[in-house]
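Here's final.cif, which has mmCIF, C-alpha atoms and all ligand atoms:
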```cif
data_data
loop_
_atom_site.group_PDB
_atom_site.id
_atom_site.type_symbol
_atom_site.label_atom_id
_atom_site.label_comp_id
_atom_site.auth_asym_id
_atom_site.auth_seq_id
_atom_site.Cartn_x
_atom_site.Cartn_y
_atom_site.Cartn_z
ATOM 1 C CA MET A 96 103.431 77.973 113.382
ATOM 2 C CA LYS A 97 105.308 74.864 112.354
ATOM 3 C CA GLN A 98 106.606 72.586 115.083
ATOM 4 C CA HIS A 99 110.224 71.702 114.556
ATOM 5 C CA SER A 100 111.727 68.415 115.623
ATOM 6 C CA PRO A 101 114.499 68.473 118.253
ATOM 7 C CA TYR A 102 116.863 67.420 115.482
ATOM 8 C CA ARG A 103 115.937 70.407 113.348
ATOM 9 C CA ILE A 104 116.215 72.802 116.275
ATOM 10 C CA ALA A 105 119.687 71.430 117.084
ATOM 11 C CA ALA A 106 120.700 71.720 113.453
ATOM 12 C CA VAL A 107 119.436 75.278 113.268
ATOM 13 C CA LEU A 108 121.266 76.230 116.451
ATOM 14 C CA ALA A 109 124.488 74.700 115.153
ATOM 15 C CA ALA A 110 124.116 76.453 111.845
ATOM 16 C CA SER A 111 123.353 79.728 113.645
ATOM 17 C CA ALA A 112 126.619 79.439 115.528
ATOM 18 C CA LEU A 113 128.410 79.052 112.208
ATOM 19 C CA VAL A 114 126.671 82.103 110.827
ATOM 20 C CA LEU A 115 127.535 84.128 113.903
ATOM 21 C CA SER A 116 131.184 83.150 113.625
ATOM 22 C CA ALA A 117 131.107 84.214 109.979
ATOM 23 C CA CYS A 118 129.370 87.411 110.938
ATOM 24 C CA GLY A 119 129.262 90.063 108.264
ATOM 25 C CA SER A 120 129.862 87.774 105.356
ATOM 26 C CA ASP A 121 126.355 86.474 104.825
ATOM 27 C CA ASP A 122 123.888 88.061 102.523
ATOM 28 C CA GLU A 123 120.716 86.736 104.095
ATOM 29 C CA GLY A 124 117.645 88.827 103.761
ATOM 30 C CA ASP A 125 117.548 89.147 100.027
ATOM 31 C CA GLY A 126 115.116 86.274 99.957
ATOM 32 C CA GLY A 127 117.630 83.824 98.582
ATOM 33 C CA ASP A 128 117.878 83.151 94.922
ATOM 34 C CA GLY A 129 114.468 81.641 94.590
ATOM 35 C CA ASP A 130 115.698 78.114 95.127
ATOM 36 C CA ALA A 131 113.735 76.494 97.930
ATOM 37 C CA GLY A 132 116.512 73.941 98.228
ATOM 38 C CA ASP A 133 118.961 76.656 99.168
ATOM 39 C CA ALA A 134 119.063 75.441 102.773
ATOM 40 C CA GLY A 135 121.667 75.913 105.378
ATOM 41 C CA ASN A 136 122.526 79.526 105.940
ATOM 42 C CA GLY A 137 121.179 78.870 109.383
ATOM 43 C CA ALA A 138 118.986 81.830 110.209
ATOM 44 C CA THR A 139 116.906 81.068 113.277
ATOM 45 C CA GLU A 140 113.168 81.134 113.005
ATOM 46 C CA GLY A 141 111.881 84.672 112.814
ATOM 47 C CA GLU A 142 114.901 85.957 110.953
ATOM 48 C CA ALA A 143 114.981 86.192 107.211
ATOM 49 C CA SER A 144 116.359 82.859 106.120
ATOM 50 C CA GLY A 145 117.983 81.254 103.137
ATOM 51 C CA ASP A 146 116.065 77.970 103.366
ATOM 52 C CA GLY A 147 112.663 79.558 103.101
ATOM 53 C CA LEU A 148 111.025 82.936 103.052
ATOM 54 C CA THR A 149 110.122 85.040 106.052
ATOM 55 C CA ILE A 150 107.215 87.240 105.046
ATOM 56 C CA GLY A 151 105.777 90.116 107.025
ATOM 57 C CA ILE A 152 101.999 90.484 107.034
ATOM 58 C CA LYS A 153 99.352 92.042 109.237
ATOM 59 C CA PHE A 154 97.908 89.657 111.836
ATOM 60 C CA ASP A 155 94.766 91.636 112.717
ATOM 61 C CA GLN A 156 93.239 92.849 109.455
ATOM 62 C CA PRO A 157 90.419 90.519 108.319
ATOM 63 C CA GLY A 158 90.307 90.010 104.550
ATOM 64 C CA LEU A 159 93.890 91.289 104.180
ATOM 65 C CA GLY A 160 96.229 89.701 106.711
ATOM 66 C CA LEU A 161 94.746 87.720 109.593
ATOM 67 C CA GLN A 162 96.223 85.174 111.976
ATOM 68 C CA GLU A 163 93.839 82.683 113.585
ATOM 69 C CA GLY A 164 95.818 80.037 115.462
ATOM 70 C CA ASP A 165 98.281 78.748 112.905
ATOM 71 C CA GLU A 166 96.071 79.769 109.983
ATOM 72 C CA TYR A 167 96.826 82.875 107.945
ATOM 73 C CA SER A 168 94.319 84.396 105.539
ATOM 74 C CA GLY A 169 93.618 87.484 103.488
ATOM 75 C CA MET A 170 94.412 89.129 100.177
ATOM 76 C CA ASP A 171 97.985 89.975 101.175
ATOM 77 C CA VAL A 172 98.579 86.423 102.383
ATOM 78 C CA ASP A 173 97.259 84.958 99.123
ATOM 79 C CA VAL A 174 99.281 87.343 96.965
ATOM 80 C CA ALA A 175 102.370 86.529 99.049
ATOM 81 C CA VAL A 176 101.841 82.766 98.691
ATOM 82 C CA ALA A 177 101.323 83.124 94.933
ATOM 83 C CA VAL A 178 104.439 85.305 94.519
ATOM 84 C CA ALA A 179 106.488 82.929 96.674
ATOM 85 C CA GLU A 180 105.360 80.016 94.535
ATOM 86 C CA GLU A 181 106.500 81.803 91.369
ATOM 87 C CA LEU A 182 109.863 82.402 93.069
ATOM 88 C CA GLY A 183 110.187 78.674 93.767
ATOM 89 C CA PHE A 184 108.992 78.483 97.376
ATOM 90 C CA ALA A 185 106.189 76.236 98.583
ATOM 91 C CA GLU A 186 103.709 77.572 101.136
ATOM 92 C CA GLU A 187 105.303 75.448 103.866
ATOM 93 C CA ASP A 188 108.627 77.196 103.190
ATOM 94 C CA ILE A 189 107.093 80.478 104.380
ATOM 95 C CA THR A 190 107.489 81.737 107.945
ATOM 96 C CA TRP A 191 104.866 84.398 108.631
ATOM 97 C CA ARG A 192 105.824 87.276 110.842
ATOM 98 C CA GLU A 193 103.669 90.127 112.095
ATOM 99 C CA ALA A 194 104.569 93.423 110.447
ATOM 100 C CA PRO A 195 102.656 96.193 112.258
ATOM 101 C CA THR A 196 102.496 99.530 110.483
ATOM 102 C CA PRO A 197 105.152 101.391 112.532
ATOM 103 C CA GLN A 198 107.666 98.529 112.316
ATOM 104 C CA ARG A 199 107.701 97.700 108.625
ATOM 105 C CA GLU A 200 110.745 99.656 107.440
ATOM 106 C CA ASN A 201 112.749 98.450 110.425
ATOM 107 C CA LEU A 202 111.809 94.800 109.831
ATOM 108 C CA LEU A 203 113.112 95.120 106.268
ATOM 109 C CA THR A 204 116.264 97.141 106.891
ATOM 110 C CA THR A 205 117.344 94.820 109.716
ATOM 111 C CA ASN A 206 116.628 91.748 107.572
ATOM 112 C CA GLN A 207 114.134 90.296 110.003
ATOM 113 C CA VAL A 208 111.840 89.618 107.061
ATOM 114 C CA ASP A 209 112.546 89.013 103.381
ATOM 115 C CA MET A 210 109.405 90.718 102.113
ATOM 116 C CA ILE A 211 106.367 92.543 103.401
ATOM 117 C CA PHE A 212 102.822 92.232 102.039
ATOM 118 C CA ALA A 213 100.882 94.297 104.560
ATOM 119 C CA THR A 214 98.581 96.947 103.069
ATOM 120 C CA TYR A 215 101.902 98.717 102.612
ATOM 121 C CA SER A 216 101.529 101.944 100.646
ATOM 122 C CA ILE A 217 104.390 102.990 98.397
ATOM 123 C CA THR A 218 105.541 106.466 99.447
ATOM 124 C CA ASP A 219 108.587 108.595 98.690
ATOM 125 C CA ALA A 220 109.495 108.774 102.380
ATOM 126 C CA ARG A 221 109.462 104.986 102.725
ATOM 127 C CA LYS A 222 111.448 104.628 99.509
ATOM 128 C CA GLU A 223 114.332 106.399 101.264
ATOM 129 C CA GLU A 224 114.697 103.241 103.372
ATOM 130 C CA VAL A 225 113.227 100.342 101.409
ATOM 131 C CA GLN A 226 112.222 99.463 97.857
ATOM 132 C CA PHE A 227 108.855 98.316 96.575
ATOM 133 C CA ALA A 228 107.670 95.940 93.902
ATOM 134 C CA GLY A 229 104.218 96.812 92.611
ATOM 135 C CA PRO A 230 101.808 98.371 93.180
ATOM 136 C CA TYR A 231 99.679 95.228 93.021
ATOM 137 C CA PHE A 232 96.501 96.921 94.302
ATOM 138 C CA VAL A 233 95.191 100.440 94.865
ATOM 139 C CA ALA A 234 92.941 101.248 97.824
ATOM 140 C CA GLY A 235 91.701 104.587 99.176
ATOM 141 C CA GLN A 236 91.554 106.114 102.627
ATOM 142 C CA ASP A 237 88.093 106.376 104.154
ATOM 143 C CA LEU A 238 86.298 106.663 107.493
ATOM 144 C CA LEU A 239 84.637 104.017 109.658
ATOM 145 C CA VAL A 240 81.916 105.225 112.016
ATOM 146 C CA THR A 241 79.191 103.689 114.144
ATOM 147 C CA GLU A 242 75.871 103.028 112.444
ATOM 148 C CA ASP A 243 74.182 105.936 114.266
ATOM 149 C CA SER A 244 77.052 108.441 113.821
ATOM 150 C CA ASP A 245 76.427 111.988 112.582
ATOM 151 C CA VAL A 246 79.872 112.054 110.926
ATOM 152 C CA SER A 247 79.294 111.995 107.184
ATOM 153 C CA GLY A 248 82.653 113.213 105.890
ATOM 154 C CA LEU A 249 85.989 114.814 106.661
ATOM 155 C CA ASP A 250 84.306 118.179 107.228
ATOM 156 C CA ASP A 251 82.555 116.827 110.307
ATOM 157 C CA LEU A 252 85.796 115.785 111.999
ATOM 158 C CA ASP A 253 86.958 119.167 113.268
ATOM 159 C CA GLY A 254 87.415 118.845 117.043
ATOM 160 C CA ARG A 255 86.317 115.185 117.012
ATOM 161 C CA LEU A 256 88.249 112.158 118.239
ATOM 162 C CA LEU A 257 89.679 110.195 115.365
ATOM 163 C CA CYS A 258 91.739 107.014 115.688
ATOM 164 C CA SER A 259 94.494 105.807 113.390
ATOM 165 C CA VAL A 260 97.874 104.106 113.546
ATOM 166 C CA THR A 261 101.265 105.650 114.173
ATOM 167 C CA GLY A 262 103.423 105.842 111.074
ATOM 168 C CA SER A 263 100.571 105.219 108.637
ATOM 169 C CA THR A 264 99.778 107.303 105.600
ATOM 170 C CA SER A 265 96.254 107.468 107.076
ATOM 171 C CA ALA A 266 97.417 109.414 110.145
ATOM 172 C CA ASN A 267 99.552 111.750 108.006
ATOM 173 C CA ASN A 268 96.875 112.426 105.395
ATOM 174 C CA VAL A 269 94.143 113.219 107.862
ATOM 175 C CA GLN A 270 96.287 115.644 109.822
ATOM 176 C CA GLU A 271 96.871 117.525 106.586
ATOM 177 C CA GLU A 272 93.216 117.383 105.523
ATOM 178 C CA VAL A 273 91.683 118.239 108.912
ATOM 179 C CA PRO A 274 94.221 120.057 111.087
ATOM 180 C CA GLY A 275 91.579 120.555 113.815
ATOM 181 C CA VAL A 276 90.962 116.846 114.361
ATOM 182 C CA GLN A 277 91.981 115.232 117.656
ATOM 183 C CA LEU A 278 94.004 112.328 116.390
ATOM 184 C CA GLN A 279 94.609 109.370 118.690
ATOM 185 C CA GLU A 280 97.308 107.084 117.366
ATOM 186 C CA TYR A 281 97.556 103.419 118.303
ATOM 187 C CA GLY A 282 99.890 100.618 117.216
ATOM 188 C CA THR A 283 97.225 98.649 115.322
ATOM 189 C CA TYR A 284 93.869 99.299 113.690
ATOM 190 C CA SER A 285 92.180 96.549 115.697
ATOM 191 C CA GLU A 286 92.784 98.649 118.834
ATOM 192 C CA CYS A 287 91.029 101.550 117.100
ATOM 193 C CA VAL A 288 88.035 99.392 116.156
ATOM 194 C CA GLU A 289 87.549 98.403 119.784
ATOM 195 C CA GLN A 290 87.575 102.068 120.789
ATOM 196 C CA LEU A 291 85.056 102.881 118.073
ATOM 197 C CA ALA A 292 82.705 100.077 119.091
ATOM 198 C CA ASN A 293 83.013 101.201 122.752
ATOM 199 C CA GLY A 294 82.083 104.741 121.781
ATOM 200 C CA THR A 295 85.331 106.278 123.067
ATOM 201 C CA ILE A 296 86.256 107.698 119.665
ATOM 202 C CA ASP A 297 84.152 109.254 116.881
ATOM 203 C CA ALA A 298 85.717 107.599 113.842
ATOM 204 C CA LEU A 299 88.551 105.412 112.598
ATOM 205 C CA THR A 300 90.439 106.303 109.458
ATOM 206 C CA THR A 301 92.575 104.123 107.226
ATOM 207 C CA ASP A 302 92.326 102.270 103.908
ATOM 208 C CA ASP A 303 88.796 101.338 102.821
ATOM 209 C CA THR A 304 89.918 97.707 102.416
ATOM 210 C CA ILE A 305 90.842 97.470 106.099
ATOM 211 C CA LEU A 306 87.690 99.281 107.215
ATOM 212 C CA ALA A 307 85.458 97.004 105.100
ATOM 213 C CA GLY A 308 87.077 93.957 106.701
ATOM 214 C CA TYR A 309 86.315 95.156 110.228
ATOM 215 C CA ALA A 310 82.779 96.294 109.415
ATOM 216 C CA ALA A 311 82.016 92.813 108.051
ATOM 217 C CA GLN A 312 83.178 90.957 111.167
ATOM 218 C CA ASP A 313 80.374 89.060 112.909
ATOM 219 C CA GLN A 314 81.066 90.756 116.223
ATOM 220 C CA TYR A 315 80.371 94.183 114.687
ATOM 221 C CA ALA A 316 77.431 93.151 112.500
ATOM 222 C CA GLY A 317 75.038 96.064 112.079
ATOM 223 C CA GLN A 318 77.184 98.358 114.268
ATOM 224 C CA LEU A 319 79.777 99.937 111.969
ATOM 225 C CA ARG A 320 79.722 101.461 108.498
ATOM 226 C CA VAL A 321 82.337 102.690 106.029
ATOM 227 C CA LEU A 322 81.414 106.106 104.637
ATOM 228 C CA GLY A 323 82.377 105.112 101.096
ATOM 229 C CA GLU A 324 84.040 108.359 100.047
ATOM 230 C CA PRO A 325 87.724 107.569 99.645
ATOM 231 C CA PHE A 326 90.027 110.594 99.714
ATOM 232 C CA SER A 327 93.479 109.182 98.876
ATOM 233 C CA GLU A 328 95.193 106.637 96.639
ATOM 234 C CA GLU A 329 96.999 103.913 98.541
ATOM 235 C CA ASN A 330 99.276 101.972 96.229
ATOM 236 C CA TYR A 331 100.049 98.637 97.868
ATOM 237 C CA GLY A 332 103.610 97.519 97.259
ATOM 238 C CA VAL A 333 105.711 94.530 98.221
ATOM 239 C CA GLY A 334 108.280 95.911 100.653
ATOM 240 C CA LEU A 335 111.842 94.714 100.110
ATOM 241 C CA ASN A 336 115.253 95.483 101.547
ATOM 242 C CA LYS A 337 117.137 97.814 99.211
ATOM 243 C CA ASP A 338 119.739 95.049 98.756
ATOM 244 C CA SER A 339 117.191 92.626 97.316
ATOM 245 C CA ASP A 340 117.661 91.782 93.658
ATOM 246 C CA GLN A 341 114.148 90.338 93.327
ATOM 247 C CA CYS A 342 112.196 93.558 92.857
ATOM 248 C CA GLU A 343 111.928 93.558 89.047
ATOM 249 C CA GLU A 344 111.152 89.845 88.979
ATOM 250 C CA ILE A 345 108.303 90.372 91.440
ATOM 251 C CA ASN A 346 106.975 93.223 89.274
ATOM 252 C CA GLU A 347 106.733 90.807 86.353
ATOM 253 C CA ILE A 348 105.012 88.215 88.530
ATOM 254 C CA LEU A 349 102.474 90.781 89.763
ATOM 255 C CA GLN A 350 101.780 91.982 86.220
ATOM 256 C CA GLY A 351 101.165 88.352 85.264
ATOM 257 C CA PHE A 352 98.641 87.990 88.099
ATOM 258 C CA TRP A 353 96.622 90.903 86.711
ATOM 259 C CA ASP A 354 96.939 89.609 83.149
ATOM 260 C CA ASP A 355 95.752 86.073 83.916
ATOM 261 C CA GLY A 356 92.955 86.892 86.380
ATOM 262 C CA THR A 357 94.765 85.668 89.519
ATOM 263 C CA MET A 358 94.490 89.060 91.210
ATOM 264 C CA GLU A 359 90.780 89.384 90.532
ATOM 265 C CA THR A 360 90.168 85.942 91.997
ATOM 266 C CA ILE A 361 92.242 86.723 95.092
ATOM 267 C CA ILE A 362 90.432 90.032 95.627
ATOM 268 C CA GLU A 363 86.992 88.455 95.261
ATOM 269 C CA GLU A 364 87.830 85.511 97.532
ATOM 270 C CA ASN A 365 89.105 87.732 100.321
ATOM 271 C CA LEU A 366 87.180 90.991 100.108
ATOM 272 C CA GLY A 367 84.005 89.852 98.362
ATOM 273 C CA ALA A 368 82.443 88.701 101.643
ATOM 274 C CA ALA A 369 82.970 92.216 103.040
ATOM 275 C CA ASN A 370 81.151 93.632 99.993
ATOM 276 C CA TYR A 371 84.291 95.468 98.997
ATOM 277 C CA THR A 372 84.707 96.273 95.344
ATOM 278 C CA ALA A 373 88.087 97.424 94.073
ATOM 279 C CA ASN A 374 87.933 100.865 92.470
ATOM 280 C CA PRO A 375 87.832 100.036 88.741
ATOM 281 C CA ASP A 376 89.426 103.393 87.858
ATOM 282 C CA LEU A 377 92.534 102.479 89.853
ATOM 283 C CA ASN A 378 92.665 98.690 89.424
ATOM 284 C CA PRO A 379 94.504 97.160 87.706
ATOM 285 C CA PRO A 380 97.170 99.696 88.705
ATOM 286 C CA ALA A 381 98.122 101.917 85.768
ATOM 287 C CA GLU A 382 101.768 100.932 86.070
ATOM 288 C CA ILE A 383 103.318 98.054 87.983
ATOM 289 C CA GLY A 384 106.953 98.970 88.541
ATOM 290 C CA GLY A 385 109.053 102.083 88.942
ATOM 291 C CA HIS A 386 109.712 101.733 92.668
ATOM 292 C CA CYS A 387 112.679 99.340 92.731
ATOM 293 C CA GLY A 388 116.145 100.360 93.795
HETATM 294 N N1 LIG B 401 98.201 101.734 103.494
HETATM 295 C C1 LIG B 401 98.475 102.646 104.572
HETATM 296 C C2 LIG B 401 99.920 102.633 104.987
HETATM 297 O O1 LIG B 401 100.689 101.851 104.501
HETATM 298 C C3 LIG B 401 97.581 102.415 105.763
HETATM 299 C C4 LIG B 401 97.415 100.971 106.149
HETATM 300 C C5 LIG B 401 98.514 100.438 107.033
HETATM 301 O O2 LIG B 401 98.928 101.125 107.972
HETATM 302 O O3 LIG B 401 98.919 99.293 106.802
HETATM 303 O O4 LIG B 401 100.322 103.448 105.798
#
```

Rewritten as structure tokens:
Amino acid sequence: MKQHSPYRIAAVLAASALVLSACGSDDEGDGGDGDAGDAGNGATEGEASGDGLTIGIKFDQPGLGLQEGDEYSGMDVDVAVAVAEELGFAEEDITWREAPTPQRENLLTTNQVDMIFATYSITDARKEEVQFAGPYFVAGQDLLVTEDSDVSGLDDLDGRLLCSVTGSTSANNVQEEVPGVQLQEYGTYSECVEQLANGTIDALTTDDTILAGYAAQDQYAGQLRVLGEPFSEENYGVGLNKDSDQCEEINEILQGFWDDGTMETIIEENLGAANYTANPDLNPPAEIGGHCG
């Protein structure tokens, strides 16, 4: 997190007071107009701001969105930085904010973030509240089990303890696929991984990208394995407030990243170490666009 000088904090506070007094007339949250010099609408840190971009990411998903001190890494982080750059924002203009699965729509509709890049699947239900650029990547839902587990597929989950995250497509899908499963829902996947490693649950289900990232962590070396039989299509979109006018522009940027090899490089740099290979039948996505508005 950037340290701000006392002068900047005072200036931000003063500007915030101005914004509050002009309450209702600002249009912050649409990510500005792409001009990094568009300073001065005075949003305090942590709110979507006009003099930079506030971007929601995961903080606990290695290879995708990970916070370590003031360092942020992962595929979603790299795609976000690259998109921001195309929109005219330098990396230091970005304020990163944690966007846990159950909070993403709310963070966007209340303008606490300008955009979300957080393994965020495009769904019709979510499109009632927010819009999506993309998809920029397609993953699939899978299962993570301990190395010695006898679970070898969805059919083995009846009556077993399965962990996932509240509000995720993963939790919804599995309840439809295996109505007899005992689903335990947490706020983050990292909580589930701890339970799995402790032996208090039988399996963890979510996107194969996320599972591969955990399985490859040093602390779980040789302990966890992804089954490798994905049973859904998770189309990762860039979440935006419905008022944003940047959706189509971001679609073009994302298409460009697939056309010029940027996406492949980002995927390899972030997921290669976890031995994750993007499904070549689904990537590049068949169509980037169609989810704005
Ligand atoms: N991609 C799925 C979703 O958006 C699962 C991963 C997540 O929760 O971020 O629900």

Exercise answer, 10 Å around ligand LIG 401 (chain B) with only C-alpha atoms and all ligand atoms, as a count of residues only: 48

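Take the candidates A:Asp340, A:Gln270, A:Arg255, A:His386 and check each one against Ala298 of chain A using only C-alpha atoms; the shortest distance goes to A:Arg255.
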
Shell of 9 Å around Val225 of chain A, only C-alpha atoms, local chain residues under 6 positions omitted, as a ChimeraX atom specification: /A:200,203-204,334-338,387-388

Protein, DNA and RNA residues within 7 Å of (88.0, 94.3, 108.6), only C-alpha atoms, as a ChimeraX atom specification: /A:156-158,305-312

Export of prior selection with C-alpha atoms as a JSON list (two decimals), keeping the file's coordinate frame:
```json
[["chain", "number", "residue", "atom", "x", "y", "z"],
["A", 156, "GLN", "CA", 93.24, 92.85, 109.46],
["A", 157, "PRO", "CA", 90.42, 90.52, 108.32],
["A", 158, "GLY", "CA", 90.31, 90.01, 104.55],
["A", 305, "ILE", "CA", 90.84, 97.47, 106.10],
["A", 306, "LEU", "CA", 87.69, 99.28, 107.22],
["A", 307, "ALA", "CA", 85.46, 97.00, 105.10],
["A", 308, "GLY", "CA", 87.08, 93.96, 106.70],
["A", 309, "TYR", "CA", 86.32, 95.16, 110.23],
["A", 310, "ALA", "CA", 82.78, 96.29, 109.42],
["A", 311, "ALA", "CA", 82.02, 92.81, 108.05],
["A", 312, "GLN", "CA", 83.18, 90.96, 111.17]]
```

Output check: residues returned by the PyMOL selection byres (((chain A and resi 178) around 10) and not hetatm), as number ranges by chain: A: 172-177, 179-184, 344-346, 348-349, 352

Got time to write the residues from that selection, C-alpha atoms, as a PDB file, in the coordinates of the input?
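After the write, out.pdb holds the following:
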```
ATOM      1  CA  VAL A 172      98.579  86.423 102.383  1.00  0.00           C
ATOM      2  CA  ASP A 173      97.259  84.958  99.123  1.00  0.00           C
ATOM      3  CA  VAL A 174      99.281  87.343  96.965  1.00  0.00           C
ATOM      4  CA  ALA A 175     102.370  86.529  99.049  1.00  0.00           C
ATOM      5  CA  VAL A 176     101.841  82.766  98.691  1.00  0.00           C
ATOM      6  CA  ALA A 177     101.323  83.124  94.933  1.00  0.00           C
ATOM      7  CA  ALA A 179     106.488  82.929  96.674  1.00  0.00           C
ATOM      8  CA  GLU A 180     105.360  80.016  94.535  1.00  0.00           C
ATOM      9  CA  GLU A 181     106.500  81.803  91.369  1.00  0.00           C
ATOM     10  CA  LEU A 182     109.863  82.402  93.069  1.00  0.00           C
ATOM     11  CA  GLY A 183     110.187  78.674  93.767  1.00  0.00           C
ATOM     12  CA  PHE A 184     108.992  78.483  97.376  1.00  0.00           C
ATOM     13  CA  GLU A 344     111.152  89.845  88.979  1.00  0.00           C
ATOM     14  CA  ILE A 345     108.303  90.372  91.440  1.00  0.00           C
ATOM     15  CA  ASN A 346     106.975  93.223  89.274  1.00  0.00           C
ATOM     16  CA  ILE A 348     105.012  88.215  88.530  1.00  0.00           C
ATOM     17  CA  LEU A 349     102.474  90.781  89.763  1.00  0.00           C
ATOM     18  CA  PHE A 352      98.641  87.990  88.099  1.00  0.00           C
TER      19      PHE A 352
END
```

Please list as a PDB file with C-alpha atoms, keeping the file's coordinate frame every residue within 7 Å of Arg320 of chain A, counting only C-alpha atoms and excluding residues in the same chain fewer than 6 positions away.
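After the write, selection.pdb holds the following:
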```
ATOM      1  CA  LEU A 239      84.637 104.017 109.658  1.00  0.00           C
ATOM      2  CA  VAL A 240      81.916 105.225 112.016  1.00  0.00           C
ATOM      3  CA  THR A 241      79.191 103.689 114.144  1.00  0.00           C
ATOM      4  CA  GLU A 242      75.871 103.028 112.444  1.00  0.00           C
ATOM      5  CA  ALA A 310      82.779  96.294 109.415  1.00  0.00           C
TER       6      ALA A 310
END
```

Atomic distance atom CA of Phe326 of chain A - atom CA of Glu272 of chain A, expressed in Å with one decimal: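 Computing the Euclidean distance for atom CA of Phe326 of chain A and atom CA of Glu272 of chain A yields 9.5 Å.
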
Separation of atom CA of Phe232 of chain A from atom CA of Ala373 of chain A, in Å and rounded to one decimal: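 Rounded to one decimal, the two atoms are 8.4 Å apart.
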
Among listed residues A:Ile150, A:Ala381, A:Ala292, A:Val269, nearest Pro325 of chain A (using all atoms listed in the file):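 Closest to Pro325 of chain A, using all atoms listed in the file: A:Val269.
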